[in-house]
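Reading through the structure tokens given below for one structure.
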Amino acid sequence: MNDVSMIQTARLRLHPLSLDDAQRIVDARPAPGDRWAEDYPGAGDTASARGFLNGVAERGDPGVYRPYAIRLADGATVGGIGFHGPPDADGVVTIGYGLVPGARGHGYASESLRALIARAREAGATAVRGDADLDNIPSQRVMEAAGMAYEGEDERVRNYRVVFPDAS
């Protein structure tokens with residue numbers, strides 16, 4: 001796993017997924033000791049884990065640019081957040097996130113996203129981008145609360161980005 005460390009926030013722990021973690025999510029089979037909240041993993045968690053497994057098979061370990069499980073202080077996994085892969089040629093990474101319904105509305109997604117943005121900056125990315133469906137106002141608010149700026153939209157999604165001014 002390239003010694004990728006957990007990210008600690010005020011209320012959450014973002015645990016980097018290992019290959020075994022990702023396979024358990026794809027299989028929807030928690031291991032003994034896993035504390036998955038009701039409705040976890042969701043379709044987005046499964047797609048992210050599958051994409052991570054495929055990406056590692058095709059390109060190798062992405063280091064910090066991987067999915068992370070969002071866990072509460074009591075250890076319950078309530079969602080996921082992560083990168084869609086390593087930075088592109090310009091150093092830009094794309095993010096995605098999701099929470100189980102029972103964990104929404106507590107600020108966990110914004111708190112997680114701020115921490116993931118900081119991890120991307122520390123790792124040398126030049127910018128982080130994300131998008132949300134036009135009707136997904138809560139997700140748009142998450143990105144805004146995490147410091148991402150609206151960049152425009154098309155017929156399907158609104159685009160957001162944060163650029164690191166000191167990135168070279």
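Each chain in the structure tokens gets a letter, A, B, ..., in the order shown, and its residues are numbered from 1; ligands are numbered from 1 in order too.
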
Legend entry - Non-local contacts of Asn136 (chain A) (12 Å; only C-alpha atoms; under 3 positions in same chain excluded) as a PyMOL selection string: chain A and resi 98+131-133+139-143+156-159

Legend entry - Surrounding residues of Arg29 (chain A) excluding itself and chain neighbours under 5 positions, 12 Å, only C-alpha atoms, as a PyMOL selection string: chain A and resi 20-24+34-36+40-41+46

Inset, instruction - Do a neighbour search on Tyr65 (chain A) at 9 Å with only C-alpha atoms, toss out local chain neighbours closer than 4 positions, and write the hits as a list in words. - result: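 So, after excluding close chain neighbours, the residues are Asp61, Gly82, Phe83, His84, Gly85, Pro86, Pro87, Val93, Arg119, Ala120 and Ala123 of chain A.
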
Inset, instruction - Excluding region 148-153 of chain A and residues on its chain fewer than 6 positions from it, collect all residues at most 8 Å away from it, counting only C-alpha atoms, and give them as a PyMOL selection string. - result: chain A and resi 129+159-162

Inset, instruction - Considering only C-alpha atoms, state which residue in the set A:Ile70, A:Gly124, A:Pro32, A:Leu17 is at the smallest distance from Leu99 (chain A). - result: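 Using only C-alpha atoms, the shortest distance to Leu99 (chain A) belongs to A:Ile70.
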
Legend entry - Which of region 88-151 of chain A DSSP labels alpha helix (DSSP H), written as a list in words: Tyr108, Ala109, Ser110, Glu111, Ser112, Leu113, Arg114, Ala115, Leu116, Ile117, Ala118, Arg119, Ala120, Arg121, Glu122, Ile137, Pro138, Ser139, Gln140, Arg141, Val142, Met143, Glu144 and Ala145 of chain A

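Between Ala146 (chain A) and the candidates A:Ala76, A:Val163, A:Leu113, A:Ala103, the tightest atom-to-atom separation, counting only C-alpha atoms, involves A:Leu113.
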
Legend entry - DSSP strand (DSSP E) residues within chain A, as a ChimeraX atom specification: /A:7-8,12-16,67-72,77-83,92-99,127-133,149-153,157-163

For N, CA and C atoms, I'd like the residues from the last selection saved as a compact mmCIF listing (two decimals), in the first residue's frame.
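What ended up in result-v2.txt:
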# COMPACT_ATOMS: atom_id res chain seq x y z
N ILE A 7 -5.98 9.35 7.55
CA ILE A 7 -6.18 10.79 7.72
C ILE A 7 -7.13 10.98 8.90
N GLN A 8 -6.69 11.71 9.90
CA GLN A 8 -7.50 11.98 11.09
C GLN A 8 -8.06 13.40 10.99
N LEU A 12 -13.52 12.30 12.49
CA LEU A 12 -13.51 11.16 11.57
C LEU A 12 -12.11 10.61 11.38
N ARG A 13 -12.09 9.38 10.89
CA ARG A 13 -10.85 8.76 10.44
C ARG A 13 -11.07 8.29 9.01
N LEU A 14 -10.21 8.73 8.11
CA LEU A 14 -10.28 8.28 6.72
C LEU A 14 -9.22 7.20 6.54
N HIS A 15 -9.70 5.97 6.37
CA HIS A 15 -8.79 4.83 6.26
C HIS A 15 -8.54 4.50 4.80
N PRO A 16 -7.26 4.54 4.37
CA PRO A 16 -6.95 4.19 2.98
C PRO A 16 -7.29 2.74 2.71
N PRO A 67 -9.03 5.35 -2.83
CA PRO A 67 -10.23 5.55 -2.02
C PRO A 67 -9.93 5.38 -0.53
N TYR A 68 -10.73 6.03 0.28
CA TYR A 68 -10.63 5.96 1.74
C TYR A 68 -12.02 5.66 2.31
N ALA A 69 -12.07 4.83 3.34
CA ALA A 69 -13.32 4.59 4.05
C ALA A 69 -13.49 5.70 5.08
N ILE A 70 -14.69 6.27 5.17
CA ILE A 70 -14.99 7.29 6.17
C ILE A 70 -15.53 6.57 7.40
N ARG A 71 -14.81 6.72 8.52
CA ARG A 71 -15.22 6.06 9.76
C ARG A 71 -15.44 7.09 10.86
N LEU A 72 -16.47 6.84 11.64
CA LEU A 72 -16.74 7.67 12.81
C LEU A 72 -15.76 7.29 13.92
N THR A 77 -18.02 2.42 9.71
CA THR A 77 -17.80 2.94 8.36
C THR A 77 -19.13 3.45 7.82
N VAL A 78 -19.16 4.74 7.49
CA VAL A 78 -20.41 5.39 7.07
C VAL A 78 -20.36 5.90 5.63
N GLY A 79 -19.27 5.65 4.94
CA GLY A 79 -19.18 6.10 3.55
C GLY A 79 -17.77 5.98 3.03
N GLY A 80 -17.57 6.62 1.90
CA GLY A 80 -16.27 6.59 1.27
C GLY A 80 -15.97 7.90 0.57
N ILE A 81 -14.69 8.15 0.41
CA ILE A 81 -14.22 9.34 -0.29
C ILE A 81 -12.90 8.96 -0.93
N GLY A 82 -12.57 9.59 -2.01
CA GLY A 82 -11.29 9.25 -2.59
C GLY A 82 -11.06 9.88 -3.95
N PHE A 83 -9.94 9.52 -4.49
CA PHE A 83 -9.50 10.01 -5.79
C PHE A 83 -9.88 8.99 -6.85
N VAL A 92 -3.72 17.52 -11.87
CA VAL A 92 -5.08 17.66 -11.36
C VAL A 92 -5.65 16.28 -11.01
N VAL A 93 -6.27 16.18 -9.83
CA VAL A 93 -6.93 14.94 -9.41
C VAL A 93 -8.43 15.18 -9.32
N THR A 94 -9.18 14.12 -9.53
CA THR A 94 -10.64 14.17 -9.43
C THR A 94 -11.07 13.37 -8.21
N ILE A 95 -12.05 13.92 -7.47
CA ILE A 95 -12.53 13.29 -6.25
C ILE A 95 -13.98 12.83 -6.38
N GLY A 96 -14.34 11.95 -5.48
CA GLY A 96 -15.72 11.51 -5.34
C GLY A 96 -15.95 11.13 -3.89
N TYR A 97 -17.20 11.14 -3.46
CA TYR A 97 -17.51 10.82 -2.06
C TYR A 97 -18.97 10.44 -1.95
N GLY A 98 -19.28 9.81 -0.85
CA GLY A 98 -20.67 9.45 -0.57
C GLY A 98 -20.81 8.95 0.86
N LEU A 99 -21.96 9.19 1.43
CA LEU A 99 -22.27 8.74 2.78
C LEU A 99 -23.56 7.93 2.77
N ALA A 127 -4.27 20.76 -8.36
CA ALA A 127 -5.67 21.13 -8.21
C ALA A 127 -6.49 19.88 -7.94
N VAL A 128 -7.68 20.11 -7.38
CA VAL A 128 -8.65 19.03 -7.15
C VAL A 128 -9.94 19.46 -7.81
N ARG A 129 -10.55 18.54 -8.55
CA ARG A 129 -11.83 18.85 -9.19
C ARG A 129 -12.86 17.80 -8.81
N GLY A 130 -14.12 18.22 -8.92
CA GLY A 130 -15.24 17.32 -8.66
C GLY A 130 -16.47 17.86 -9.35
N ASP A 131 -17.51 17.04 -9.40
CA ASP A 131 -18.76 17.49 -9.98
C ASP A 131 -19.92 16.89 -9.22
N ALA A 132 -21.08 17.47 -9.40
CA ALA A 132 -22.32 16.99 -8.79
C ALA A 132 -23.45 17.17 -9.78
N ASP A 133 -24.36 16.22 -9.78
CA ASP A 133 -25.53 16.36 -10.64
C ASP A 133 -26.22 17.69 -10.36
N ALA A 149 -14.43 25.97 -5.72
CA ALA A 149 -15.16 27.03 -6.42
C ALA A 149 -15.92 26.46 -7.61
N TYR A 150 -17.11 26.99 -7.82
CA TYR A 150 -17.93 26.64 -8.98
C TYR A 150 -17.19 27.04 -10.25
N GLU A 151 -17.15 26.13 -11.23
CA GLU A 151 -16.44 26.38 -12.49
C GLU A 151 -17.33 26.42 -13.71
N GLY A 152 -18.56 26.00 -13.56
CA GLY A 152 -19.45 25.95 -14.72
C GLY A 152 -20.23 24.66 -14.69
N GLU A 153 -21.08 24.51 -15.69
CA GLU A 153 -21.92 23.32 -15.73
C GLU A 153 -22.27 22.99 -17.17
N VAL A 157 -24.16 18.15 -15.05
CA VAL A 157 -23.45 18.36 -13.79
C VAL A 157 -22.92 19.78 -13.62
N ARG A 158 -22.72 20.15 -12.36
CA ARG A 158 -22.00 21.38 -11.99
C ARG A 158 -20.58 20.98 -11.62
N ASN A 159 -19.61 21.74 -12.10
CA ASN A 159 -18.20 21.44 -11.88
C ASN A 159 -17.59 22.38 -10.85
N TYR A 160 -16.73 21.81 -10.02
CA TYR A 160 -16.05 22.56 -8.96
C TYR A 160 -14.56 22.24 -9.00
N ARG A 161 -13.77 23.19 -8.49
CA ARG A 161 -12.31 22.99 -8.48
C ARG A 161 -11.69 23.85 -7.40
N VAL A 162 -10.62 23.35 -6.85
CA VAL A 162 -9.76 24.15 -5.99
C VAL A 162 -8.35 24.02 -6.59
N VAL A 163 -7.70 25.17 -6.78
CA VAL A 163 -6.36 25.21 -7.35
C VAL A 163 -5.41 25.65 -6.25

Inset, instruction - Go ahead and compute the interatomic distance for CA of Arg66 (chain A) and CA of Ile137 (chain A), in Å to one decimal. - result: 25.5 Å

Legend entry - Pick from A:Thr9, A:Asp27, A:Ala145, A:Ala49 nearest to Ser110 (chain A), counting only C-alpha atoms: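 Selected residue with least distance to Ser110 (chain A): A:Ala145.
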